[in-house]
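J.: Dropping in final30.csv, with CSV, C-alpha atoms.
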chain,number,residue,atom,x,y,z
A,48,MET,CA,-10.5,213.3,112.3
A,49,ALA,CA,-11.7,215.2,115.4
A,50,LEU,CA,-11.5,212.1,117.5
A,51,GLN,CA,-7.9,211.5,116.5
A,52,VAL,CA,-6.9,215.1,117.1
A,53,GLY,CA,-8.8,215.2,120.4
A,54,ALA,CA,-7.2,212.0,121.6
A,55,LEU,CA,-3.7,213.2,120.7
A,56,VAL,CA,-4.2,216.5,122.5
A,57,ALA,CA,-5.6,214.8,125.5
A,58,ALA,CA,-2.7,212.3,125.7
A,59,VAL,CA,-0.2,215.1,125.4
A,60,ALA,CA,-2.0,217.2,128.0
A,61,LEU,CA,-2.1,214.2,130.4
A,62,ARG,CA,1.6,213.5,129.9
A,63,ALA,CA,2.4,217.1,130.7
A,64,THR,CA,0.8,216.8,134.1
A,65,ALA,CA,3.4,214.3,135.3
A,66,PRO,CA,6.6,215.2,133.4
A,67,GLY,CA,9.7,213.1,133.7
A,68,TRP,CA,12.4,211.4,131.7
A,69,PHE,CA,9.9,209.5,129.5
A,70,LEU,CA,8.4,212.8,128.4
A,71,LEU,CA,11.8,214.3,127.8
A,72,ILE,CA,12.9,211.4,125.7
A,73,ALA,CA,9.7,211.4,123.7
A,74,ILE,CA,10.1,215.1,122.9
A,75,MET,CA,13.8,214.9,122.1
A,76,THR,CA,13.4,212.0,119.7
A,77,ILE,CA,11.5,212.4,116.4
A,78,ALA,CA,10.2,208.8,116.4
A,79,GLY,CA,7.8,209.2,119.3
A,80,PRO,CA,5.9,212.2,118.1
A,81,LEU,CA,5.8,211.0,114.5
A,82,LEU,CA,4.5,207.6,115.5
A,83,ALA,CA,1.8,209.2,117.6
A,84,LEU,CA,0.7,211.3,114.6
A,85,VAL,CA,0.2,208.3,112.3
A,86,PRO,CA,-3.6,207.7,113.1
A,87,THR,CA,-4.2,211.5,112.7
A,88,VAL,CA,-2.5,211.4,109.3
A,89,LEU,CA,-4.5,208.3,108.3
A,90,ALA,CA,-7.7,210.1,109.4
A,91,LEU,CA,-6.8,212.8,106.9
A,92,VAL,CA,-6.5,210.2,104.2
A,93,VAL,CA,-10.1,209.0,104.8
A,94,LEU,CA,-11.5,212.5,105.5
A,95,ARG,CA,-13.2,212.7,102.2
A,96,ARG,CA,-15.6,209.9,103.1
A,97,ARG,CA,-18.8,211.0,104.7
A,98,VAL,CA,-19.4,207.8,106.6
A,99,LEU,CA,-16.7,205.3,107.6
A,100,PRO,CA,-17.7,201.6,107.4
A,101,ALA,CA,-17.6,199.8,110.8
A,102,GLY,CA,-14.4,198.0,109.7
A,103,LEU,CA,-12.6,201.4,109.6
A,104,ALA,CA,-14.3,203.2,112.4
A,105,ALA,CA,-13.5,200.6,115.0
A,106,PRO,CA,-9.7,200.7,114.7
A,107,PHE,CA,-9.8,204.5,114.7
A,108,VAL,CA,-11.8,204.5,117.9
A,109,ALA,CA,-9.5,201.8,119.4
A,110,CYS,CA,-6.4,203.9,118.5
A,111,ALA,CA,-7.9,207.0,120.2
A,112,GLY,CA,-9.0,205.1,123.3
A,113,PHE,CA,-5.8,203.3,123.9
A,114,LEU,CA,-3.8,206.5,123.3
A,115,VAL,CA,-5.7,208.3,126.0
A,116,LEU,CA,-5.4,205.3,128.3
A,117,ALA,CA,-1.6,205.2,127.8
A,118,GLY,CA,-1.3,208.9,128.3
A,119,ALA,CA,-3.3,208.8,131.5
A,120,ALA,CA,-2.0,205.6,133.1
A,121,MET,CA,1.6,205.2,132.0
A,122,PRO,CA,3.8,206.3,134.9
A,123,ASP,CA,6.8,208.6,134.1
A,124,PHE,CA,10.0,208.6,136.2
A,125,ASP,CA,12.7,211.1,137.2
A,126,ASP,CA,15.7,210.9,139.5
A,127,VAL,CA,13.5,210.9,142.7
A,128,ARG,CA,10.3,209.0,142.1
A,129,ASP,CA,7.7,207.9,139.6
A,130,HIS,CA,4.7,210.0,138.5
A,131,ALA,CA,1.4,208.9,137.0
A,132,PRO,CA,-0.9,211.5,135.3
A,133,VAL,CA,-4.1,210.0,136.6
A,134,LEU,CA,-2.8,210.2,140.2
A,135,VAL,CA,-1.7,213.8,139.7
A,136,LEU,CA,-5.2,214.7,138.4
A,137,LEU,CA,-6.8,212.9,141.3
A,138,GLY,CA,-4.7,214.8,143.8
A,139,TYR,CA,-2.5,211.9,144.8
A,140,GLY,CA,0.6,213.1,143.0
A,141,GLU,CA,2.9,212.5,145.9
A,142,ALA,CA,1.7,208.9,146.6
A,143,PRO,CA,3.6,205.9,145.3
A,144,VAL,CA,2.4,204.6,142.0
A,145,PRO,CA,0.5,201.3,142.3
A,146,GLU,CA,1.9,198.3,140.3
A,147,ALA,CA,-1.5,197.9,138.6
A,148,LEU,CA,-1.1,201.3,137.0
A,149,TYR,CA,2.1,200.2,135.3
A,150,GLY,CA,0.2,197.2,133.9
A,151,LEU,CA,-2.6,199.5,132.8
A,152,GLY,CA,-0.2,201.9,131.1
A,153,LEU,CA,1.6,199.0,129.3
A,154,LEU,CA,-1.9,197.7,128.2
A,155,GLY,CA,-2.6,201.1,126.8
A,156,VAL,CA,0.7,201.3,124.9
A,157,LEU,CA,0.5,197.7,123.5
A,158,GLY,CA,-3.2,198.1,122.7
A,159,TRP,CA,-2.4,201.3,120.8
A,160,LEU,CA,0.2,199.5,118.8
A,161,VAL,CA,-2.1,196.6,118.0
A,162,ALA,CA,-4.9,199.1,117.1
A,163,LEU,CA,-2.5,201.0,114.8
A,164,LEU,CA,-1.6,197.8,113.0
A,165,TRP,CA,-5.3,196.9,112.8
A,166,LEU,CA,-6.0,200.4,111.3
A,167,VAL,CA,-3.3,200.0,108.6
A,168,ILE,CA,-4.6,196.6,107.6
A,169,ALA,CA,-8.2,197.8,107.6
A,170,LEU,CA,-7.3,200.7,105.3
A,171,VAL,CA,-5.5,198.4,102.9
A,172,VAL,CA,-8.3,195.9,102.8
A,173,ASN,CA,-11.0,198.6,102.5
A,174,ARG,CA,-9.1,200.3,99.7
A,175,ARG,CA,-9.0,197.1,97.7
A,176,THR,CA,-12.8,196.4,98.2
A,177,THR,CA,-14.1,199.9,97.5
A,178,ARG,CA,-12.5,200.8,94.2
A,179,PRO,CA,-14.9,202.5,91.9
A,180,ALA,CA,-16.2,200.3,89.2
A,181,GLY,CA,-15.3,201.1,85.6
A,182,PRO,CA,-17.7,201.7,82.8
A,183,PRO,CA,-20.0,198.8,81.9
A,184,HIS,CA,-19.0,196.5,79.1
A,185,PRO,CA,-20.7,197.6,75.8
A,186,ALA,CA,-22.5,194.3,75.5
A,187,TRP,CA,-24.2,194.7,78.9
A,188,PHE,CA,-26.5,197.4,77.9
A,189,ARG,CA,-28.8,197.9,74.9
A,190,ARG,CA,-29.1,201.1,73.0
A,191,PRO,CA,-32.6,202.4,72.7
A,192,ASP,CA,-32.4,202.7,68.9
A,193,ALA,CA,-31.0,199.2,68.4
A,194,GLY,CA,-34.5,197.7,68.3
Please rewrite the model in this file as structure tokens.
T.:
Amino acid sequence: MALQVGALVAAVALRATAPGWFLLIAIMTIAGPLLALVPTVLALVVLRRRVLPAGLAAPFVACAGFLVLAGAAMPDFDDVRDHAPVLVLLGYGEAPVPEALYGLGLLGVLGWLVALLWLVIALVVNRRTTRPAGPPHPAWFRRPDAG
């Protein structure tokens, strides 16, 4: 849960360092913020478990990592030029954005979408395999007084 909330806060903070039309569109539409909240909500669903199996932990970590990568690398644009949060943080905010950063940002976005799909599938599969067993069949155990 903390990983998902931390990644979401980090991505939003990174996007705020280089604002542009992309940030404005994401804020004005409800789909962008709601989609970004999906892993956090799913983390609330599995919060009651003390330890996550590796099949569930890996997609949560992937979602968080790709979200931060997309928030840091994906350039934003306005009417004058493009901005990239990682360049602003490194002190090169006025420099032109390298083409490789666009690719890295798209990799972050597409990786996050794939990790989100992976997470949903992992939750469905894990839910089917970890259902609590019902009571044993009466013929499977002997009563002590039955002799």
J.: With distances taken over only C-alpha atoms, which of A:Val172, A:Ile72, A:Val144, A:Ala109 is nearest to A:Leu50?
T.: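 Between A:Val172, A:Ile72, A:Val144, A:Ala109, the residue approaching A:Leu50 most closely is A:Ala109.
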J.: One decimal, in Å: what's the spacing between atom CA of A:Ala78 and atom CA of A:Asp125?
T.: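 Taking atom CA of A:Ala78 as the start and atom CA of A:Asp125 as the end point, the length is 21.1 Å.
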J.: So how many Å separate atom CA of A:Gly118 and atom CA of A:Ala60, to one decimal?
T.: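 Here the two named atoms are 8.3 Å from each other.
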J.: What separation in Å, quoted to one decimal, exists between atom CA of A:Met121 and atom CA of A:Ala169?
T.: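 Spanning atom CA of A:Met121 to atom CA of A:Ala169 is a straight-line distance of 27.3 Å.
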J.: For a quick check of understanding, using only C-alpha atoms, which of A:Ala142, A:Leu116, A:Ala111, A:Ala105 has the smallest distance to A:Arg128?
T.: A:Ala142
J.: So which one's closest to A:Trp159, A:Val108, A:Val133, A:Leu71, A:Ile77? Using all atoms listed in the file, please.
T.: A:Val108
